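Okay, so here's the structure we're looking at.
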Amino acid sequence: MRVIGHVAVNVFKESVRDKVLYSLVAFAALLIGVAYLIGQLTAGQDVKIIKDLGLAAIATFGLLIAVFIGIGLVWKEVDRRSIYSLLSKPIRRHEFILGKYAGLSLTLIVNVAIMTLAFYAVLAYMNTQFSEASRSVWPAPATDPGMLRAIGLIVVELLLVTAIALFFSTFSSPLLSAGLTFGLWVIGHFNADLRNFEAVVESKTAAYLARGLYYVLPNFAAFDIKTQVVNALPVAPSYLAATTAYGLVYISFLLVGAVVIFSRRDFK
Amino acid sequence: MSGRPGCPGVALAVMATLMAAVIGLQAVHERGGGPPASDAPEFLYVRSPEAMRRLALSYQSLVADLYWIRAVQHYGGTRLSANPDKRYELLYPLLDLTTTLEPRFNVAYLFGSLFLAESPPGGPGRPDLAIALLDRGLRAQPSKWEFAQAIGFVHYWWRHDYEQAAEWFTRAAKFPNAPFWLTTLAATTLAEGGSRGSSRILWEQFARSAETEALRNEAVRRLQQLDAMDQMDRLRQMVDAYRQRGGALPSGWIDLVRAGYLRALPADPAGTPYVLQDGAVMLGRGSRLFPLPIEPQRLVH
């Protein structure tokens with residue numbers, strides 16, 4: 001466990017050295033810039049749009065970090081041949097993989113946490129720009145803590161994307177890993193269509209295949225409750241728990257797969 | 001080729017010079033009036049809301065926001081354009097996309113219906129589409145009495161169909177959490193539909209229940225239009241009185257001031273002076289209250 005921790009901390013330090021946290025500056029600049037400019041364009045929907053934009057930006061910045069760092073986690077060590085010196089140390093292969101995953105997860109969580117703080121700060125400022133009468137008709141307060149539910153599921157989604165990227169990076173090139181990870185992420189949003197495929201095709205085989213894919217492929221659409229929280233719609237705690245559990249089990253599956261593949265790889 | 005780094009001061013000076021050149025060329029470009037004028041119409045690449053809903057992945061709300069901003073800009077831009085043939089061709093498709101991507105975008109239904117119903121040149125004059133949009137909103141949120149009220153409103157203000165309006169106000173009153181005044185509004189509409197007084201009550205209630213500052217401002221603008229209509233009626237009476245007394249039409253407001261009918265040049269509630277031309281009293285075209293609505297006729301039973 002200690003070894004995993006060491007690897008994780010190193011991944012985190014490396015991502016800081018690689019200026020990943022610069023994304024936070026871009027995020028803050030985007031939100032503040034839009035908050036400043038948007039007033040005249042939206043017919044009174046500023047706060048709603050900042051909420052939508054903030055949540056979407058947290059998800060997008062996180063997604064880009066998860067994919068583009070995730071795909072290089074293993075590949076970089078192989079490419080730089082540092083994998084040989086690493087594996088000659090008392091680090092077992094599964095510790096290496098899990099440590100890498102934990103490190104990137106830590107980077108993502110820190111990123112999302114800071115972005116969330118900036119997001120709430122911008123919303124708190126915007127809150128002061130409206131009269132009490134305007135605020136009274138909003139579906140939820142500007143700094144509604146209920147939005148943390150959506151951010152929580154975004155974190156689980158990002159951890160899942162990281163696991164997918166890491167899984168692919170154990171056996172393929174960065175370009176292919178990025179393509180496959182993005183591909184799965186996109187397909188994962190069409191899960192409902194796969195489920196209802198039998199309504200649009202006559203072939204029973206195709207329908208069964210689509211149904212099979214529906215169960216097997218990651219259901220990314222399930223993690224998206226941004227619209228619900230912005231509109232202050234109820235989201236049952238049981239839904240949050242079940243979706244989080246789904247994400248964690250899927251992550252475990254991918255990490256086991258990544259460990260198995262990486263353990264069998266021959267680096268001679 | 002030497003790998004030795006050059007003097008950073010020189011590089012910065014070169015960069016500053018180049019940036020100054022870019023700014024200068026941009027200014028030349030601006031003075032030239034920008035790119036040659038194009039008469040290409042505004043274009044909507046994806047018209048199918050269902051296709052866009054899929055393409056938007058997990059960004060449906062954000063894409064809905066972008067379409068909403070585009071709808072507001074399209075409406076405002078067309079309304080303010082100098083083109084006499086104002087078309088609002090993209091307005092309904094944009095609102096359709098917005099509300100399909102986010103079926104709970106309440107302002108898009110409420111404000112969008114006002115945009116759609118507005119008579120030309122202030123809008124496309126499509127109360128039918130306004131009602132269709134609100135009807136979709138009602139299907140998406142069946143407990144939202146505001147949509148039923150807004151449908152009644154479109155029937156009242158733009159279709160001048162007071163029976164339908166009263167029916168929708170009555171229907172809205174039966175929704176859970178509907179305010180008590182909807183029942184009164186329905187009764188007033190049936191009894192006095194078309195009168196300026198009942199129109200005023202309607203907009204006052206609209207302002208009171210408005211979900212956003214922008215909707216409230218729109219209601220205030222409408223109330224100011226009604227005030228302007230009252231003021232213009234009084235001004236017409238003064239013009240008539242002046243003509244009967246002197247036998248000639250006043251050449252301008254100054255004649256009425258000199259004759260003691262007015263203390264100062266009359267301005268509408270938005271602050272723009274009224275126009276007096278050949279004895280006719282009109283709203284200034286530059287006024288934000290222009291054009292005034294076609295006044296509903298009183299329902300005759």
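Chains: A, B, ... in order of the structure tokens. Residues: from 1 per chain. Ligands: from 1, in order shown.
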
Residues of chain A near chain B: apply a cut-off of 8 Å, count only C-alpha atoms, and supply the list as a CSV table (one decimal) with N, CA and C atoms, in the first residue's frame.
chain,number,residue,atom,x,y,z
A,41,LEU,N,-26.8,39.2,-23.0
A,41,LEU,CA,-27.1,38.3,-24.1
A,41,LEU,C,-28.2,37.3,-23.8
A,42,THR,N,-28.6,37.2,-22.5
A,42,THR,CA,-29.3,36.0,-22.2
A,42,THR,C,-30.7,36.2,-21.7
A,43,ALA,N,-31.2,37.4,-21.7
A,43,ALA,CA,-32.5,37.8,-21.2
A,43,ALA,C,-32.8,37.3,-19.8
A,44,GLY,N,-31.8,37.6,-18.9
A,44,GLY,CA,-32.0,37.3,-17.5
A,44,GLY,C,-31.7,35.8,-17.1
A,45,GLN,N,-31.0,35.1,-17.9
A,45,GLN,CA,-30.6,33.7,-17.6
A,45,GLN,C,-29.2,33.6,-17.2
A,49,ILE,N,-27.0,30.1,-16.9
A,49,ILE,CA,-26.0,29.8,-17.9
A,49,ILE,C,-24.6,29.6,-17.2
A,52,ASP,N,-24.7,26.1,-15.8
A,52,ASP,CA,-24.5,25.1,-16.9
A,52,ASP,C,-23.1,25.1,-17.4
A,53,LEU,N,-22.6,26.3,-17.6
A,53,LEU,CA,-21.2,26.4,-18.2
A,53,LEU,C,-20.2,25.9,-17.2
A,56,ALA,N,-20.3,22.1,-17.0
A,56,ALA,CA,-19.8,21.5,-18.2
A,56,ALA,C,-18.3,21.7,-18.3
A,134,SER,N,-35.6,39.2,-8.1
A,134,SER,CA,-35.1,38.3,-9.2
A,134,SER,C,-34.7,37.0,-8.6
A,137,VAL,N,-37.4,34.1,-7.8
A,137,VAL,CA,-38.0,33.3,-8.8
A,137,VAL,C,-37.0,32.2,-9.4
A,138,TRP,N,-35.8,32.2,-8.9
A,138,TRP,CA,-34.9,31.2,-9.4
A,138,TRP,C,-35.3,29.9,-8.8
A,186,VAL,N,-18.0,8.6,-25.9
A,186,VAL,CA,-19.1,9.0,-26.7
A,186,VAL,C,-20.2,7.9,-26.8
A,189,HIS,N,-22.7,7.6,-24.0
A,189,HIS,CA,-23.8,8.6,-23.9
A,189,HIS,C,-25.0,8.1,-24.8
A,190,PHE,N,-24.8,7.1,-25.6
A,190,PHE,CA,-25.9,6.6,-26.4
A,190,PHE,C,-26.5,5.3,-25.8
A,221,ALA,N,-24.0,8.3,-19.6
A,221,ALA,CA,-25.2,9.1,-19.5
A,221,ALA,C,-25.7,9.1,-18.1
A,224,ASP,N,-24.7,11.9,-15.7
A,224,ASP,CA,-25.0,13.3,-16.0
A,224,ASP,C,-26.3,13.8,-15.4
A,226,LYS,N,-26.5,17.1,-14.5
A,226,LYS,CA,-26.3,18.6,-14.4
A,226,LYS,C,-27.6,19.4,-14.6
A,227,THR,N,-28.4,19.0,-15.6
A,227,THR,CA,-29.7,19.7,-15.8
A,227,THR,C,-30.6,19.6,-14.6
A,231,ASN,N,-31.8,22.9,-12.3
A,231,ASN,CA,-33.2,23.2,-12.2
A,231,ASN,C,-33.8,22.8,-10.9

Contacts of A:Gly188 at 10 Å or less, counting only C-alpha atoms, minus same-chain residues fewer than 6 places along, as a PDB file with N, CA, C and O atoms, in the first residue's frame?
ATOM      1  N   PHE A 182     -11.959   8.085 -25.977  1.00  0.00           N
ATOM      2  CA  PHE A 182     -12.985   9.047 -26.404  1.00  0.00           C
ATOM      3  C   PHE A 182     -14.173   8.318 -27.058  1.00  0.00           C
ATOM      4  O   PHE A 182     -15.328   8.682 -26.852  1.00  0.00           O
ATOM      5  N   LEU A 194     -28.986   2.184 -27.362  1.00  0.00           N
ATOM      6  CA  LEU A 194     -28.657   0.760 -27.482  1.00  0.00           C
ATOM      7  C   LEU A 194     -29.748  -0.097 -26.833  1.00  0.00           C
ATOM      8  O   LEU A 194     -30.108  -1.145 -27.340  1.00  0.00           O
ATOM      9  N   LEU A 213     -24.411  -4.979 -25.650  1.00  0.00           N
ATOM     10  CA  LEU A 213     -23.507  -3.822 -25.534  1.00  0.00           C
ATOM     11  C   LEU A 213     -24.018  -2.838 -24.487  1.00  0.00           C
ATOM     12  O   LEU A 213     -23.246  -2.219 -23.759  1.00  0.00           O
ATOM     13  N   TYR A 214     -25.349  -2.717 -24.412  1.00  0.00           N
ATOM     14  CA  TYR A 214     -25.957  -1.808 -23.430  1.00  0.00           C
ATOM     15  C   TYR A 214     -25.522  -2.171 -22.009  1.00  0.00           C
ATOM     16  O   TYR A 214     -25.221  -1.312 -21.189  1.00  0.00           O
ATOM     17  N   LEU A 217     -21.037  -1.967 -22.073  1.00  0.00           N
ATOM     18  CA  LEU A 217     -20.327  -0.696 -22.238  1.00  0.00           C
ATOM     19  C   LEU A 217     -20.629   0.256 -21.076  1.00  0.00           C
ATOM     20  O   LEU A 217     -21.725   0.195 -20.500  1.00  0.00           O
ATOM     21  N   PRO A 218     -19.675   1.115 -20.743  1.00  0.00           N
ATOM     22  CA  PRO A 218     -19.930   2.039 -19.617  1.00  0.00           C
ATOM     23  C   PRO A 218     -21.045   3.030 -19.950  1.00  0.00           C
ATOM     24  O   PRO A 218     -21.036   3.631 -21.018  1.00  0.00           O
ATOM     25  N   ASN A 219     -21.971   3.154 -19.021  1.00  0.00           N
ATOM     26  CA  ASN A 219     -23.126   4.047 -19.240  1.00  0.00           C
ATOM     27  C   ASN A 219     -22.792   5.445 -18.711  1.00  0.00           C
ATOM     28  O   ASN A 219     -23.106   5.787 -17.568  1.00  0.00           O
ATOM     29  N   PHE A 220     -22.170   6.250 -19.551  1.00  0.00           N
ATOM     30  CA  PHE A 220     -21.761   7.586 -19.100  1.00  0.00           C
ATOM     31  C   PHE A 220     -22.961   8.526 -18.928  1.00  0.00           C
ATOM     32  O   PHE A 220     -22.878   9.490 -18.172  1.00  0.00           O
ATOM     33  N   ALA A 221     -24.023   8.254 -19.642  1.00  0.00           N
ATOM     34  CA  ALA A 221     -25.205   9.121 -19.522  1.00  0.00           C
ATOM     35  C   ALA A 221     -25.730   9.121 -18.087  1.00  0.00           C
ATOM     36  O   ALA A 221     -26.296  10.114 -17.614  1.00  0.00           O
ATOM     37  N   ALA A 222     -25.520   8.014 -17.377  1.00  0.00           N
ATOM     38  CA  ALA A 222     -26.047   7.908 -16.013  1.00  0.00           C
ATOM     39  C   ALA A 222     -25.407   8.920 -15.069  1.00  0.00           C
ATOM     40  O   ALA A 222     -25.996   9.300 -14.057  1.00  0.00           O
TER      41      ALA A 222
ATOM     42  N   LEU B  57     -24.462  15.127 -26.467  1.00  0.00           N
ATOM     43  CA  LEU B  57     -23.948  14.209 -25.440  1.00  0.00           C
ATOM     44  C   LEU B  57     -24.381  14.673 -24.049  1.00  0.00           C
ATOM     45  O   LEU B  57     -25.563  14.840 -23.819  1.00  0.00           O
TER      46      LEU B  57
END

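Going from atom CA of B:Leu235 to atom CA of B:Leu223 covers 18.4 Å.
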
For stretch 126-143 of chain B: contacts at 9 Å, only C-alpha atoms, fewer than 2 positions along chain excluded, given as an MDAnalysis selection string
chainID B and resid 92 95:96 99 103:106 109:110 112:119 123:124 145:148 150:152 154:155 158:159 175:177

For A:Val112, work out the shell of residues within 10 Å, counting only C-alpha atoms and skipping chain neighbours fewer than 2 positions away, then give it as a ChimeraX atom specification.
/A:24,58-59,61-62,106-110,114-118,151-152,154-155,158
